[in-house]
file coords.txt (compact mmCIF, C-alpha atoms)
# COMPACT_ATOMS: atom_id res chain seq x y z
CA MET A 1 38.68 -32.04 13.81
CA SER A 2 41.41 -32.82 16.32
CA SER A 3 40.00 -30.17 18.69
CA LEU A 4 36.82 -32.25 19.07
CA SER A 5 36.43 -34.96 21.67
CA PRO A 6 36.77 -38.60 20.52
CA PRO A 7 33.02 -39.45 20.82
CA VAL A 8 32.09 -36.47 18.61
CA ASN A 9 34.80 -37.40 16.14
CA ARG A 10 33.48 -40.94 16.04
CA LEU A 11 29.92 -39.73 15.38
CA ILE A 12 31.14 -37.52 12.51
CA THR A 13 33.15 -40.40 11.04
CA GLU A 14 30.19 -42.78 11.21
CA LEU A 15 27.77 -40.25 9.71
CA SER A 16 30.16 -39.48 6.86
CA ARG A 17 30.01 -43.16 5.83
CA LEU A 18 26.37 -42.69 4.80
CA PRO A 19 25.71 -42.31 1.06
CA GLY A 20 25.66 -38.70 -0.09
CA VAL A 21 26.99 -37.41 3.25
CA GLY A 22 30.34 -35.69 3.08
CA GLN A 23 32.54 -34.51 5.93
CA ARG A 24 30.91 -31.09 6.22
CA THR A 25 27.35 -32.47 6.20
CA ALA A 26 28.40 -35.09 8.75
CA GLN A 27 29.67 -32.32 11.03
CA ARG A 28 26.40 -30.39 10.70
CA LEU A 29 24.37 -33.51 11.49
CA ALA A 30 26.61 -34.37 14.43
CA PHE A 31 26.21 -30.91 15.96
CA HIS A 32 22.48 -31.08 15.36
CA ILE A 33 22.32 -34.40 17.21
CA LEU A 34 24.43 -32.94 20.03
CA ARG A 35 21.95 -30.10 20.43
CA LEU A 36 18.94 -32.44 20.64
CA PRO A 37 17.60 -33.46 24.05
CA PRO A 38 18.29 -37.15 24.84
CA GLU A 39 14.63 -38.16 24.31
CA GLU A 40 14.87 -36.99 20.68
CA ALA A 41 18.38 -38.19 19.87
CA LEU A 42 18.34 -41.65 21.40
CA PRO A 43 15.35 -43.01 19.39
CA LEU A 44 17.51 -42.62 16.27
CA ALA A 45 20.23 -44.80 17.77
CA GLU A 46 17.58 -47.24 18.98
CA ALA A 47 15.92 -47.40 15.54
CA ILE A 48 19.27 -48.21 13.90
CA ARG A 49 19.96 -50.90 16.47
CA GLU A 50 16.47 -52.37 16.05
CA VAL A 51 16.59 -52.69 12.25
CA LYS A 52 20.05 -54.24 12.38
CA GLU A 53 19.00 -56.73 15.04
CA LYS A 54 15.52 -57.61 13.82
CA VAL A 55 15.29 -57.11 10.07
CA GLY A 56 16.50 -59.89 7.81
CA GLN A 57 15.45 -61.43 4.52
CA CYS A 58 12.19 -63.22 3.78
CA GLU A 59 12.96 -66.88 3.15
CA VAL A 60 10.49 -66.97 0.23
CA CYS A 61 10.88 -63.71 -1.69
CA PHE A 62 14.03 -62.10 -0.17
CA ASN A 63 12.15 -58.92 0.70
CA LEU A 64 13.02 -57.31 4.04
CA ALA A 65 11.35 -59.23 6.86
CA VAL A 66 11.08 -59.34 10.63
CA GLY A 67 11.09 -63.07 11.19
CA PRO A 68 11.31 -65.79 8.55
CA ARG A 69 8.68 -64.32 6.20
CA CYS A 70 7.82 -60.79 5.09
CA ARG A 71 4.36 -59.28 5.63
CA ILE A 72 3.45 -59.70 1.97
CA CYS A 73 4.29 -63.43 1.90
CA GLU A 74 2.37 -63.91 5.16
CA ASP A 75 -0.72 -62.09 3.88
CA GLU A 76 -3.15 -64.76 2.69
CA ARG A 77 -5.20 -62.25 0.71
CA ARG A 78 -2.27 -61.81 -1.70
CA ASP A 79 -2.41 -63.96 -4.84
CA PRO A 80 0.41 -66.54 -4.64
CA SER A 81 0.04 -67.45 -8.33
CA LEU A 82 1.22 -64.00 -9.42
CA ILE A 83 4.88 -63.11 -8.79
CA CYS A 84 6.41 -59.72 -9.49
CA VAL A 85 10.20 -59.82 -9.93
CA VAL A 86 12.10 -56.71 -8.81
CA GLU A 87 15.78 -55.86 -8.47
CA GLU A 88 15.82 -54.47 -4.93
CA PRO A 89 13.49 -54.42 -1.88
CA SER A 90 13.12 -50.64 -2.39
CA ASP A 91 11.43 -51.34 -5.76
CA ILE A 92 8.49 -52.97 -3.96
CA LEU A 93 7.36 -49.68 -2.38
CA PRO A 94 6.47 -47.82 -5.62
CA ILE A 95 4.60 -50.88 -6.93
CA GLU A 96 2.65 -51.17 -3.68
CA ARG A 97 1.77 -47.47 -3.86
CA THR A 98 -0.04 -48.04 -7.17
CA ASN A 99 -2.62 -50.35 -5.49
CA GLU A 100 -2.72 -52.21 -8.82
CA PHE A 101 -0.85 -55.34 -7.82
CA ASN A 102 -2.18 -58.00 -5.48
CA GLY A 103 0.37 -60.75 -6.05
CA ARG A 104 3.64 -61.53 -4.28
CA TYR A 105 7.22 -60.55 -5.01
CA HIS A 106 10.65 -61.97 -5.71
CA VAL A 107 13.65 -59.74 -5.01
CA LEU A 108 16.67 -60.57 -7.18
CA GLY A 109 19.19 -58.45 -5.30
CA GLY A 110 20.59 -56.85 -8.48
CA ALA A 111 20.60 -57.19 -12.25
CA LEU A 112 22.70 -59.16 -14.70
CA SER A 113 25.78 -57.29 -15.86
CA PRO A 114 28.51 -59.44 -17.39
CA ILE A 115 30.73 -56.37 -17.79
CA ASP A 116 30.68 -55.99 -13.98
CA GLY A 117 30.93 -59.74 -13.40
CA VAL A 118 27.30 -60.19 -12.25
CA ASP A 119 26.08 -63.55 -13.61
CA PRO A 120 22.72 -65.33 -13.05
CA GLU A 121 24.12 -67.27 -10.06
CA ASP A 122 25.12 -64.00 -8.36
CA ILE A 123 21.52 -62.81 -8.11
CA ARG A 124 18.49 -64.83 -7.05
CA ILE A 125 17.49 -66.13 -10.46
CA PRO A 126 18.05 -69.82 -9.56
CA GLU A 127 15.79 -69.33 -6.51
CA LEU A 128 13.11 -67.75 -8.72
CA LEU A 129 13.22 -70.62 -11.22
CA GLU A 130 12.95 -73.14 -8.37
CA ARG A 131 10.07 -71.24 -6.78
CA VAL A 132 8.12 -71.18 -10.05
CA ALA A 133 8.96 -74.81 -10.91
CA ALA A 134 7.53 -75.87 -7.51
CA GLY A 135 4.09 -75.05 -8.96
CA GLY A 136 1.10 -72.86 -8.20
CA VAL A 137 2.34 -69.91 -10.26
CA ARG A 138 0.45 -68.74 -13.36
CA GLU A 139 2.25 -65.49 -14.17
CA VAL A 140 5.62 -63.87 -13.51
CA VAL A 141 5.69 -60.10 -13.99
CA VAL A 142 9.25 -58.94 -14.61
CA ALA A 143 9.57 -55.46 -13.13
CA THR A 144 13.33 -55.02 -13.33
CA ASN A 145 14.49 -51.48 -14.11
CA SER A 146 14.09 -50.22 -17.65
CA THR A 147 17.86 -50.03 -18.06
CA THR A 148 20.18 -52.07 -20.25
CA THR A 149 21.05 -54.38 -17.35
CA GLY A 150 17.40 -54.58 -16.27
CA GLU A 151 16.32 -55.46 -19.82
CA ALA A 152 19.07 -58.08 -20.13
CA THR A 153 17.87 -59.62 -16.85
CA ALA A 154 14.26 -59.66 -18.06
CA LEU A 155 15.23 -61.33 -21.35
CA TYR A 156 17.27 -63.95 -19.51
CA ILE A 157 14.43 -64.74 -17.07
CA ALA A 158 11.93 -65.02 -19.96
CA GLU A 159 14.28 -67.39 -21.81
CA GLN A 160 14.82 -69.61 -18.76
CA MET A 161 11.12 -69.68 -17.91
CA ARG A 162 10.19 -70.71 -21.45
CA GLU A 163 12.57 -73.66 -21.10
CA ARG A 164 11.73 -74.76 -17.56
CA SER A 165 8.14 -73.67 -16.93
CA PRO A 166 6.55 -73.20 -20.35
CA ASN A 167 3.03 -73.04 -18.95
CA VAL A 168 3.76 -69.98 -16.83
CA ALA A 169 3.14 -66.62 -18.52
CA VAL A 170 6.06 -64.17 -18.33
CA THR A 171 5.12 -60.53 -18.72
CA ARG A 172 7.11 -57.31 -18.63
CA LEU A 173 6.01 -53.92 -17.31
CA ALA A 174 4.98 -51.72 -20.23
CA SER A 175 7.18 -48.76 -20.98
CA GLY A 176 5.91 -45.46 -22.26
CA LEU A 177 5.57 -41.80 -21.51
CA PRO A 178 5.52 -40.63 -17.89
CA VAL A 179 2.38 -38.72 -16.95
CA GLY A 180 3.04 -34.99 -17.14
CA ALA A 181 6.07 -35.24 -19.44
CA ASP A 182 6.41 -33.41 -22.75
CA LEU A 183 6.53 -35.55 -25.88
CA GLU A 184 9.45 -33.57 -27.30
CA TYR A 185 11.74 -34.76 -24.53
CA ALA A 186 10.91 -38.47 -24.94
CA ASP A 187 13.76 -40.65 -26.13
CA GLU A 188 13.33 -42.77 -29.27
CA ILE A 189 13.12 -46.15 -27.54
CA THR A 190 10.49 -45.03 -25.02
CA LEU A 191 8.41 -43.27 -27.66
CA GLY A 192 8.79 -46.18 -30.09
CA ARG A 193 7.56 -48.64 -27.46
CA ALA A 194 4.72 -46.32 -26.50
CA LEU A 195 3.63 -46.19 -30.14
CA ARG A 196 3.81 -49.96 -30.54
CA ALA A 197 1.79 -50.52 -27.36
CA ARG A 198 -0.80 -47.79 -28.14
CA ARG A 199 -4.35 -48.54 -27.09
CA GLU A 200 -7.72 -47.80 -28.53
CA LEU A 201 -9.70 -45.02 -26.86
CA MET B 1 40.61 -26.69 -20.45
CA PRO B 2 37.37 -26.04 -18.51
CA GLY B 3 34.27 -25.22 -20.53
CA LEU B 4 31.67 -26.71 -22.82
CA PHE B 5 32.51 -29.10 -25.63
CA LYS B 6 30.54 -31.16 -28.11
CA THR B 7 31.26 -34.72 -29.10
CA GLU B 8 29.70 -37.89 -30.38
CA ALA B 9 29.91 -40.95 -28.14
CA VAL B 10 28.84 -44.51 -27.58
CA VAL B 11 27.80 -45.20 -23.98
CA LEU B 12 29.87 -48.23 -22.99
CA ARG B 13 28.79 -48.60 -19.41
CA SER B 14 27.01 -46.72 -16.67
CA PHE B 15 26.60 -47.11 -12.98
CA ARG B 16 24.50 -45.48 -10.32
CA TYR B 17 25.91 -42.53 -8.47
CA GLY B 18 24.35 -40.57 -5.67
CA GLU B 19 20.60 -40.24 -5.37
CA ALA B 20 19.58 -40.06 -9.03
CA ASP B 21 22.77 -39.66 -11.07
CA ARG B 22 24.81 -42.01 -13.20
CA ILE B 23 28.48 -42.12 -14.05
CA LEU B 24 29.02 -42.94 -17.71
CA HIS B 25 31.95 -44.44 -19.52
CA LEU B 26 31.85 -43.02 -23.03
CA TYR B 27 33.87 -43.78 -26.12
CA THR B 28 34.29 -40.79 -28.40
CA PRO B 29 35.97 -40.39 -31.80
CA ASP B 30 37.96 -37.30 -30.84
CA ARG B 31 38.72 -37.77 -27.13
CA GLY B 32 38.98 -41.53 -26.70
CA ARG B 33 37.41 -42.89 -23.57
CA ILE B 34 36.05 -40.30 -21.19
CA GLY B 35 34.06 -40.38 -17.98
CA ALA B 36 31.04 -38.18 -17.41
CA VAL B 37 28.31 -37.70 -14.86
CA ALA B 38 24.67 -37.49 -15.96
CA LYS B 39 22.83 -35.65 -13.22
CA GLY B 40 19.29 -36.70 -12.37
CA VAL B 41 19.20 -39.22 -15.21
CA ARG B 42 17.56 -41.92 -13.10
CA ARG B 43 14.52 -39.75 -12.43
CA ILE B 44 11.54 -40.68 -14.58
CA LYS B 45 11.14 -37.13 -15.81
CA SER B 46 14.81 -36.58 -16.61
CA ARG B 47 15.20 -34.67 -19.88
CA PHE B 48 17.82 -37.22 -20.93
CA GLY B 49 15.23 -40.04 -20.91
CA GLY B 50 16.87 -43.32 -21.84
CA ARG B 51 19.42 -41.69 -24.16
CA LEU B 52 22.35 -42.24 -21.83
CA GLU B 53 21.82 -45.97 -21.40
CA PRO B 54 24.66 -48.26 -22.53
CA LEU B 55 24.75 -48.99 -26.29
CA PHE B 56 23.19 -45.65 -27.26
CA ARG B 57 25.14 -43.65 -29.86
CA VAL B 58 24.58 -40.02 -28.97
CA ALA B 59 25.61 -36.46 -29.74
CA LEU B 60 26.54 -34.78 -26.48
CA VAL B 61 27.30 -31.41 -25.05
CA LEU B 62 29.45 -31.77 -21.96
CA HIS B 63 30.87 -29.40 -19.43
CA GLU B 64 34.44 -29.99 -18.44
CA GLY B 65 35.34 -28.70 -15.01
CA ARG B 66 38.43 -29.18 -12.94
CA GLY B 67 37.47 -32.69 -11.86
CA GLU B 68 38.04 -35.93 -13.72
CA LEU B 69 34.44 -36.28 -14.83
CA ALA B 70 32.71 -34.07 -17.36
CA THR B 71 29.01 -33.27 -16.84
CA VAL B 72 26.48 -34.05 -19.55
CA THR B 73 24.43 -30.94 -20.30
CA SER B 74 22.59 -32.15 -23.40
CA ALA B 75 22.12 -35.41 -25.30
CA SER B 76 20.47 -36.29 -28.59
CA THR B 77 20.22 -39.71 -30.16
CA ILE B 78 22.16 -40.71 -33.27
CA HIS B 79 21.29 -44.41 -33.06
CA PRO B 80 19.37 -46.02 -30.18
CA HIS B 81 20.03 -49.66 -31.27
CA ALA B 82 16.51 -50.43 -30.11
CA ARG B 83 16.07 -53.77 -31.86
CA LEU B 84 19.17 -55.46 -30.48
CA ARG B 85 17.93 -54.74 -26.96
CA GLU B 86 15.01 -57.07 -27.52
CA ARG B 87 17.15 -60.05 -28.61
CA PRO B 88 19.15 -61.72 -25.81
CA GLU B 89 21.95 -62.96 -28.06
CA SER B 90 22.38 -59.62 -29.86
CA LEU B 91 22.37 -57.82 -26.52
CA ARG B 92 25.02 -60.19 -25.17
CA ARG B 93 27.28 -59.68 -28.20
CA ALA B 94 26.83 -55.91 -28.02
CA GLY B 95 27.85 -56.04 -24.35
CA GLN B 96 30.94 -58.05 -25.26
CA ALA B 97 31.87 -55.46 -27.91
CA CYS B 98 31.53 -52.60 -25.43
CA GLU B 99 33.51 -54.47 -22.79
CA ALA B 100 36.37 -55.10 -25.24
CA VAL B 101 36.55 -51.40 -26.15
CA LEU B 102 36.25 -50.39 -22.49
CA ARG B 103 39.13 -52.60 -21.42
CA LEU B 104 41.42 -52.21 -24.41
CA PHE B 105 41.05 -48.47 -24.99
CA ASP B 106 40.97 -46.91 -21.55
CA THR B 107 42.78 -43.65 -22.19
CA GLU B 108 41.75 -40.28 -23.57
CA GLU B 109 43.92 -40.86 -26.64
CA PRO B 110 41.58 -40.52 -29.63
CA ASN B 111 41.25 -43.47 -31.99
CA ALA B 112 38.57 -42.73 -34.60
CA PRO B 113 38.85 -46.16 -36.30
CA VAL B 114 37.91 -47.85 -32.99
CA TYR B 115 34.90 -45.57 -32.63
CA ASN B 116 33.78 -46.27 -36.21
CA LEU B 117 34.32 -49.99 -35.73
CA LEU B 118 32.22 -50.03 -32.55
CA CYS B 119 29.44 -48.04 -34.25
CA ARG B 120 29.42 -50.46 -37.19
CA GLU B 121 29.36 -53.49 -34.89
CA LEU B 122 26.40 -52.13 -32.87
CA ALA B 123 24.53 -51.12 -36.04
CA LEU B 124 25.13 -54.58 -37.52
CA LEU B 125 23.88 -56.36 -34.39
CA ASP B 126 20.85 -54.08 -34.42
CA GLU B 127 20.01 -54.64 -38.11
CA ARG B 128 20.61 -58.38 -38.34
CA ALA B 129 19.69 -60.87 -35.63
CA GLU B 130 21.79 -63.51 -37.43
CA ALA B 131 24.93 -61.37 -36.95
CA ALA B 132 25.04 -62.29 -33.25
CA THR B 133 27.45 -65.19 -33.71
CA ARG B 134 30.73 -66.23 -32.18
CA ALA B 135 32.49 -65.83 -35.56
CA GLN B 136 31.26 -62.28 -35.93
CA ALA B 137 32.25 -61.39 -32.36
CA LEU B 138 35.75 -62.76 -33.00
CA ALA B 139 36.03 -60.81 -36.25
CA PHE B 140 35.19 -57.64 -34.32
CA ARG B 141 37.78 -58.41 -31.65
CA LEU B 142 40.42 -59.10 -34.30
CA LYS B 143 39.75 -55.77 -35.98
CA LEU B 144 40.04 -54.08 -32.58
CA LEU B 145 43.48 -55.66 -32.27
CA LEU B 146 44.37 -54.13 -35.63
CA ALA B 147 43.11 -50.72 -34.53
CA ALA B 148 45.14 -51.03 -31.32
CA GLY B 149 48.29 -51.87 -33.30
CA PHE B 150 48.48 -55.48 -32.10
CA ALA B 151 47.24 -57.32 -35.21
CA PRO B 152 48.97 -60.72 -35.38
CA GLU B 153 51.27 -61.60 -38.26
CA LEU B 154 49.33 -64.08 -40.39
CA ALA B 155 51.10 -64.11 -43.77
CA ALA B 156 54.46 -65.53 -42.69
CA CYS B 157 56.13 -67.06 -39.66
CA ALA B 158 56.34 -64.32 -37.02
CA SER B 159 59.74 -65.65 -35.93
CA CYS B 160 61.65 -66.46 -39.11
CA GLY B 161 59.56 -65.18 -42.02
CA GLU B 162 58.96 -68.65 -43.53
CA ARG B 163 55.79 -68.65 -45.68
CA GLU B 164 55.14 -72.41 -45.76
CA HIS B 165 54.25 -74.99 -43.09
CA LEU B 166 52.55 -72.48 -40.79
CA GLY B 167 50.78 -74.69 -38.27
CA ALA B 168 50.95 -72.96 -34.90
CA PHE B 169 50.33 -69.62 -33.18
CA SER B 170 52.59 -67.86 -30.73
CA ALA B 171 51.43 -64.67 -29.01
CA SER B 172 54.95 -63.90 -27.82
CA ALA B 173 56.30 -64.20 -31.40
CA GLY B 174 53.38 -62.05 -32.58
CA GLY B 175 51.47 -64.36 -34.92
CA VAL B 176 51.53 -67.66 -36.78
CA VAL B 177 54.74 -69.65 -36.61
CA CYS B 178 56.21 -72.44 -38.73
CA VAL B 179 57.12 -75.98 -37.68
CA GLY B 180 60.69 -74.96 -36.92
CA CYS B 181 59.69 -72.10 -34.60
CA GLU B 182 56.92 -73.82 -32.66
CA ALA B 183 58.36 -73.41 -29.14
CA GLY B 184 55.86 -71.73 -26.80
CA SER B 185 53.07 -71.96 -29.38
CA PHE B 186 49.82 -73.90 -29.74
CA PRO B 187 48.61 -75.76 -32.85
CA LEU B 188 46.55 -73.70 -35.29
CA ASP B 189 44.56 -75.64 -37.90
CA ARG B 190 44.40 -74.47 -41.49
CA SER B 191 40.70 -73.58 -41.03
CA ALA B 192 41.49 -71.42 -37.97
CA HIS B 193 44.33 -69.69 -39.85
CA GLU B 194 42.03 -69.03 -42.81
CA PHE B 195 39.37 -67.70 -40.47
CA LEU B 196 41.81 -65.22 -38.91
CA VAL B 197 43.01 -64.01 -42.32
CA GLU B 198 39.53 -63.61 -43.74
CA ALA B 199 38.05 -62.06 -40.60
CA LEU B 200 40.80 -59.45 -40.65
CA THR B 201 40.49 -58.60 -44.33
CA ARG B 202 36.76 -58.84 -45.01
CA PRO B 203 34.29 -56.12 -43.99
CA LEU B 204 32.79 -56.59 -40.53
CA ALA B 205 29.38 -57.46 -41.98
CA ASP B 206 30.90 -60.35 -43.98
CA ALA B 207 32.63 -62.21 -41.17
CA PRO B 208 33.50 -65.72 -42.40
CA ALA B 209 31.93 -68.85 -40.95
CA ALA B 210 34.19 -71.56 -39.53
CA PRO B 211 33.87 -74.81 -37.58
CA GLU B 212 33.63 -74.48 -33.78
CA SER B 213 37.09 -76.03 -33.32
CA ALA B 214 38.60 -73.38 -35.60
CA LEU B 215 36.74 -70.61 -33.77
CA ALA B 216 38.05 -71.90 -30.43
CA GLN B 217 41.62 -71.73 -31.73
CA ALA B 218 41.06 -68.27 -33.20
CA ASP B 219 39.59 -67.16 -29.86
CA ARG B 220 42.67 -68.43 -28.04
CA ALA B 221 45.00 -66.71 -30.53
CA ILE B 222 43.20 -63.38 -30.05
CA ALA B 223 42.99 -63.74 -26.25
CA GLU B 224 46.69 -64.63 -25.89
CA THR B 225 47.72 -61.75 -28.18
CA LEU B 226 45.67 -59.36 -26.03
CA GLU B 227 47.17 -60.70 -22.83
CA HIS B 228 50.74 -60.71 -24.08
CA HIS B 229 50.85 -57.38 -25.88
CA ALA B 230 48.07 -55.26 -24.37
CA HIS B 231 48.12 -56.84 -20.88
CA VAL B 232 44.34 -57.10 -21.04
CA ARG B 233 42.49 -60.27 -20.12
CA LEU B 234 39.02 -60.44 -21.65
CA ALA B 235 36.44 -63.16 -21.10
CA ARG B 236 36.58 -65.62 -23.99
CA VAL B 237 34.02 -65.25 -26.77
CA ALA B 238 31.75 -68.21 -26.04

call {"tool": "encode", "arguments": {"input": "coords.txt", "output": "structure tokens"}}
result
Amino acid sequence: MSSLSPPVNRLITELSRLPGVGQRTAQRLAFHILRLPPEEALPLAEAIREVKEKVGQCEVCFNLAVGPRCRICEDERRDPSLICVVEEPSDILPIERTNEFNGRYHVLGGALSPIDGVDPEDIRIPELLERVAAGGVREVVVATNSTTTGEATALYIAEQMRERSPNVAVTRLASGLPVGADLEYADEITLGRALRARREL
Amino acid sequence: MPGLFKTEAVVLRSFRYGEADRILHLYTPDRGRIGAVAKGVRRIKSRFGGRLEPLFRVALVLHEGRGELATVTSASTIHPHARLRERPESLRRAGQACEAVLRLFDTEEPNAPVYNLLCRELALLDERAEAATRAQALAFRLKLLLAAGFAPELAACASCGEREHLGAFSASAGGVVCVGCEAGSFPLDRSAHEFLVEALTRPLADAPAAPESALAQADRAIAETLEHHAHVRLARVA
């Protein structure tokens, strides 16, 4: 490492900070970047600079946004009375890919986990309750992850909504068998829920 | 020694690792608390499904390499505790139970009574919604103290052995204390004292009821004993 020049060392150090990138991978990436012509390498640096300078949080839903509001909150064709609650901005993408949801979102920024010291005030649950209490919302779809912390968050939101906005429906994404999976590998909770929520053909 | 081994475990906690993995904190009857990595478990089509979520009681096959973490190679469910997951209060109490075990028993020293106690507590919270009470949670914590070897002296003054006039609790003395040995203690009502005795002696499923004031004192007695003797500070059982 010491035989490399300081700028190369710095690039390797910065790349190795990325998740899943170790020292050896960082070196490979650095040498790959060094081999690229400037017109191919510099757009990467420019793209990083641009997202850091321009992308912030939507003031309504806390999704990623360029400007005060995200594209979904600005889109007037989206139904403002339907709010889908997700843990992270990255959870919006798979829901959008389904083309089944035409409402708006609320990004919590995590899930409740008392064991890790994450309480309701640490994620954007108060903001959600305020947003719904302001009116114009008929349904909140809780799409937190189907994990213990995600379930705990969903139960807490449902409880709070029942108290504060009893006229707003709170729904939870159904859980069941993934398409293409074998029944024999399904865990008992997933299969049990799938059986309870079976539908007539 | 590197290689495969089988064990039962309760998943106490898990957190995301890498692209689709999770690191698990497991409590086992024969190896105490161990850490393991479950590769690919966050993918929808993972063969582990939801079996490695916290609160699951599972039978595992793990591979032990040279690193600190074992790797889960197979998992089958012993008890999913599915019903408690749908009740906020039961879920909260189950989380408190796991946290207490996680913090108090953080070594690979096996302690089968702790494992059995945790399994019984989770099964109880799963079977009976009405078991998710402060009194029951305190009874569980008290029995954990017993399993850890820190059970407070409740029959006689922990300082002088006096069996009458026991009206206070001192964590540094190790239990209830009499009027003459009250220094450094806090007042413990008769109802709180009775609660501690009964909670320790009755089965977990028959935790005694007590007034809130008595439960608050019992909570303080348990918390101070944990802090003084085990050097563990747990959130109070609200």

call {"tool": "interface_residues", "arguments": {"input": "coords.txt", "of": "chain B", "to": "chain A", "cutoff": "6 Å", "atoms": "all atoms listed in the file", "output": "list in words"}}
result
Arg47, Gly49, Gly50 and Pro88 of chain B

call {"tool": "atom_distance", "arguments": {"input": "coords.txt", "atom1": "CA of Gly32 (chain B)", "atom2": "CA of Arg13 (chain B)"}}
result
14.4 Å

call {"tool": "atom_distance", "arguments": {"input": "coords.txt", "atom1": "CA of Ala207 (chain B)", "atom2": "CA of Arg141 (chain B)"}}
result
11.5 Å

call {"tool": "residues_around", "arguments": {"input": "coords.txt", "residues": "region 28-44 of chain A", "least_positions_apart": "4", "cutoff": "7 Å", "atoms": "all atoms listed in the file", "output": "PyMOL selection string"}}
result
chain A and resi 11-12+24+48

call {"tool": "write_last_selection", "arguments": {"input": "coords.txt", "atoms": "C-alpha atoms", "output": "PDB file, in the coordinates of the input"}}
result
ATOM      1  CA  LEU A  11      29.920 -39.730  15.380  1.00  0.00           C
ATOM      2  CA  ILE A  12      31.140 -37.520  12.510  1.00  0.00           C
ATOM      3  CA  ARG A  24      30.910 -31.090   6.220  1.00  0.00           C
ATOM      4  CA  ILE A  48      19.270 -48.210  13.900  1.00  0.00           C
TER       5      ILE A  48
END

call {"tool": "atom_distance", "arguments": {"input": "coords.txt", "atom1": "CA of Ala75 (chain B)", "atom2": "CA of Leu104 (chain B)"}}
result
25.6 Å

call {"tool": "residues_near_point", "arguments": {"input": "coords.txt", "point": "(3.3, -61.0, -8.1)", "cutoff": "6 Å", "atoms": "only C-alpha atoms", "output": "VMD selection string"}}
result
chain A and resid 82 to 84 103 to 105

call {"tool": "residues_around", "arguments": {"input": "coords.txt", "residues": "region 54-58 of chain A", "least_positions_apart": "5", "cutoff": "10 Å", "atoms": "all atoms listed in the file", "output": "number ranges by chain"}}
result
A: 49, 63-74, 89, 106-107

call {"tool": "residues_around", "arguments": {"input": "coords.txt", "residues": "Arg42 (chain B)", "least_positions_apart": "5", "cutoff": "10 Å", "atoms": "only C-alpha atoms", "output": "list in words"}}
result
Thr147 of chain A; Arg16, Tyr17, Glu19, Ala20, Asp21, Arg22, Phe48, Gly49, Gly50 and Leu52 of chain B

call {"tool": "residues_around", "arguments": {"input": "coords.txt", "residues": "Thr73 (chain B)", "least_positions_apart": "3", "cutoff": "9 Å", "atoms": "all atoms listed in the file", "output": "ChimeraX atom specification"}}
result
/B:4,38-39,60-63

call {"tool": "decode", "arguments": {"input": "coords.txt", "residues": "region 167-176 of chain B", "atoms": "N, CA, C and O atoms", "output": "PDB file, in the first residue's frame"}}
result
ATOM      1  N   GLY B 167     -38.283  -4.694  56.706  1.00  0.00           N
ATOM      2  CA  GLY B 167     -39.068  -3.656  56.028  1.00  0.00           C
ATOM      3  C   GLY B 167     -38.304  -2.894  54.972  1.00  0.00           C
ATOM      4  O   GLY B 167     -38.752  -1.838  54.528  1.00  0.00           O
ATOM      5  N   ALA B 168     -37.158  -3.372  54.555  1.00  0.00           N
ATOM      6  CA  ALA B 168     -36.380  -2.632  53.552  1.00  0.00           C
ATOM      7  C   ALA B 168     -35.614  -3.613  52.678  1.00  0.00           C
ATOM      8  O   ALA B 168     -35.524  -4.817  52.983  1.00  0.00           O
ATOM      9  N   PHE B 169     -35.055  -3.092  51.586  1.00  0.00           N
ATOM     10  CA  PHE B 169     -34.286  -3.937  50.657  1.00  0.00           C
ATOM     11  C   PHE B 169     -32.952  -3.259  50.367  1.00  0.00           C
ATOM     12  O   PHE B 169     -32.901  -2.062  50.079  1.00  0.00           O
ATOM     13  N   SER B 170     -31.903  -4.033  50.437  1.00  0.00           N
ATOM     14  CA  SER B 170     -30.572  -3.495  50.141  1.00  0.00           C
ATOM     15  C   SER B 170     -29.866  -4.410  49.145  1.00  0.00           C
ATOM     16  O   SER B 170     -29.575  -5.566  49.464  1.00  0.00           O
ATOM     17  N   ALA B 171     -29.605  -3.887  47.951  1.00  0.00           N
ATOM     18  CA  ALA B 171     -28.931  -4.704  46.933  1.00  0.00           C
ATOM     19  C   ALA B 171     -27.509  -5.034  47.367  1.00  0.00           C
ATOM     20  O   ALA B 171     -27.020  -6.141  47.135  1.00  0.00           O
ATOM     21  N   SER B 172     -26.857  -4.081  48.037  1.00  0.00           N
ATOM     22  CA  SER B 172     -25.466  -4.349  48.438  1.00  0.00           C
ATOM     23  C   SER B 172     -25.412  -5.425  49.521  1.00  0.00           C
ATOM     24  O   SER B 172     -24.481  -6.238  49.551  1.00  0.00           O
ATOM     25  N   ALA B 173     -26.438  -5.461  50.408  1.00  0.00           N
ATOM     26  CA  ALA B 173     -26.470  -6.512  51.437  1.00  0.00           C
ATOM     27  C   ALA B 173     -26.900  -7.836  50.804  1.00  0.00           C
ATOM     28  O   ALA B 173     -26.581  -8.901  51.321  1.00  0.00           O
ATOM     29  N   GLY B 174     -27.659  -7.760  49.706  1.00  0.00           N
ATOM     30  CA  GLY B 174     -28.059  -8.982  49.003  1.00  0.00           C
ATOM     31  C   GLY B 174     -29.480  -9.429  49.254  1.00  0.00           C
ATOM     32  O   GLY B 174     -29.811 -10.587  49.010  1.00  0.00           O
ATOM     33  N   GLY B 175     -30.339  -8.541  49.781  1.00  0.00           N
ATOM     34  CA  GLY B 175     -31.740  -8.936  49.964  1.00  0.00           C
ATOM     35  C   GLY B 175     -32.469  -8.021  50.918  1.00  0.00           C
ATOM     36  O   GLY B 175     -32.096  -6.848  51.080  1.00  0.00           O
ATOM     37  N   VAL B 176     -33.508  -8.590  51.566  1.00  0.00           N
ATOM     38  CA  VAL B 176     -34.277  -7.777  52.516  1.00  0.00           C
ATOM     39  C   VAL B 176     -33.417  -7.540  53.757  1.00  0.00           C
ATOM     40  O   VAL B 176     -32.560  -8.354  54.101  1.00  0.00           O
TER      41      VAL B 176
END
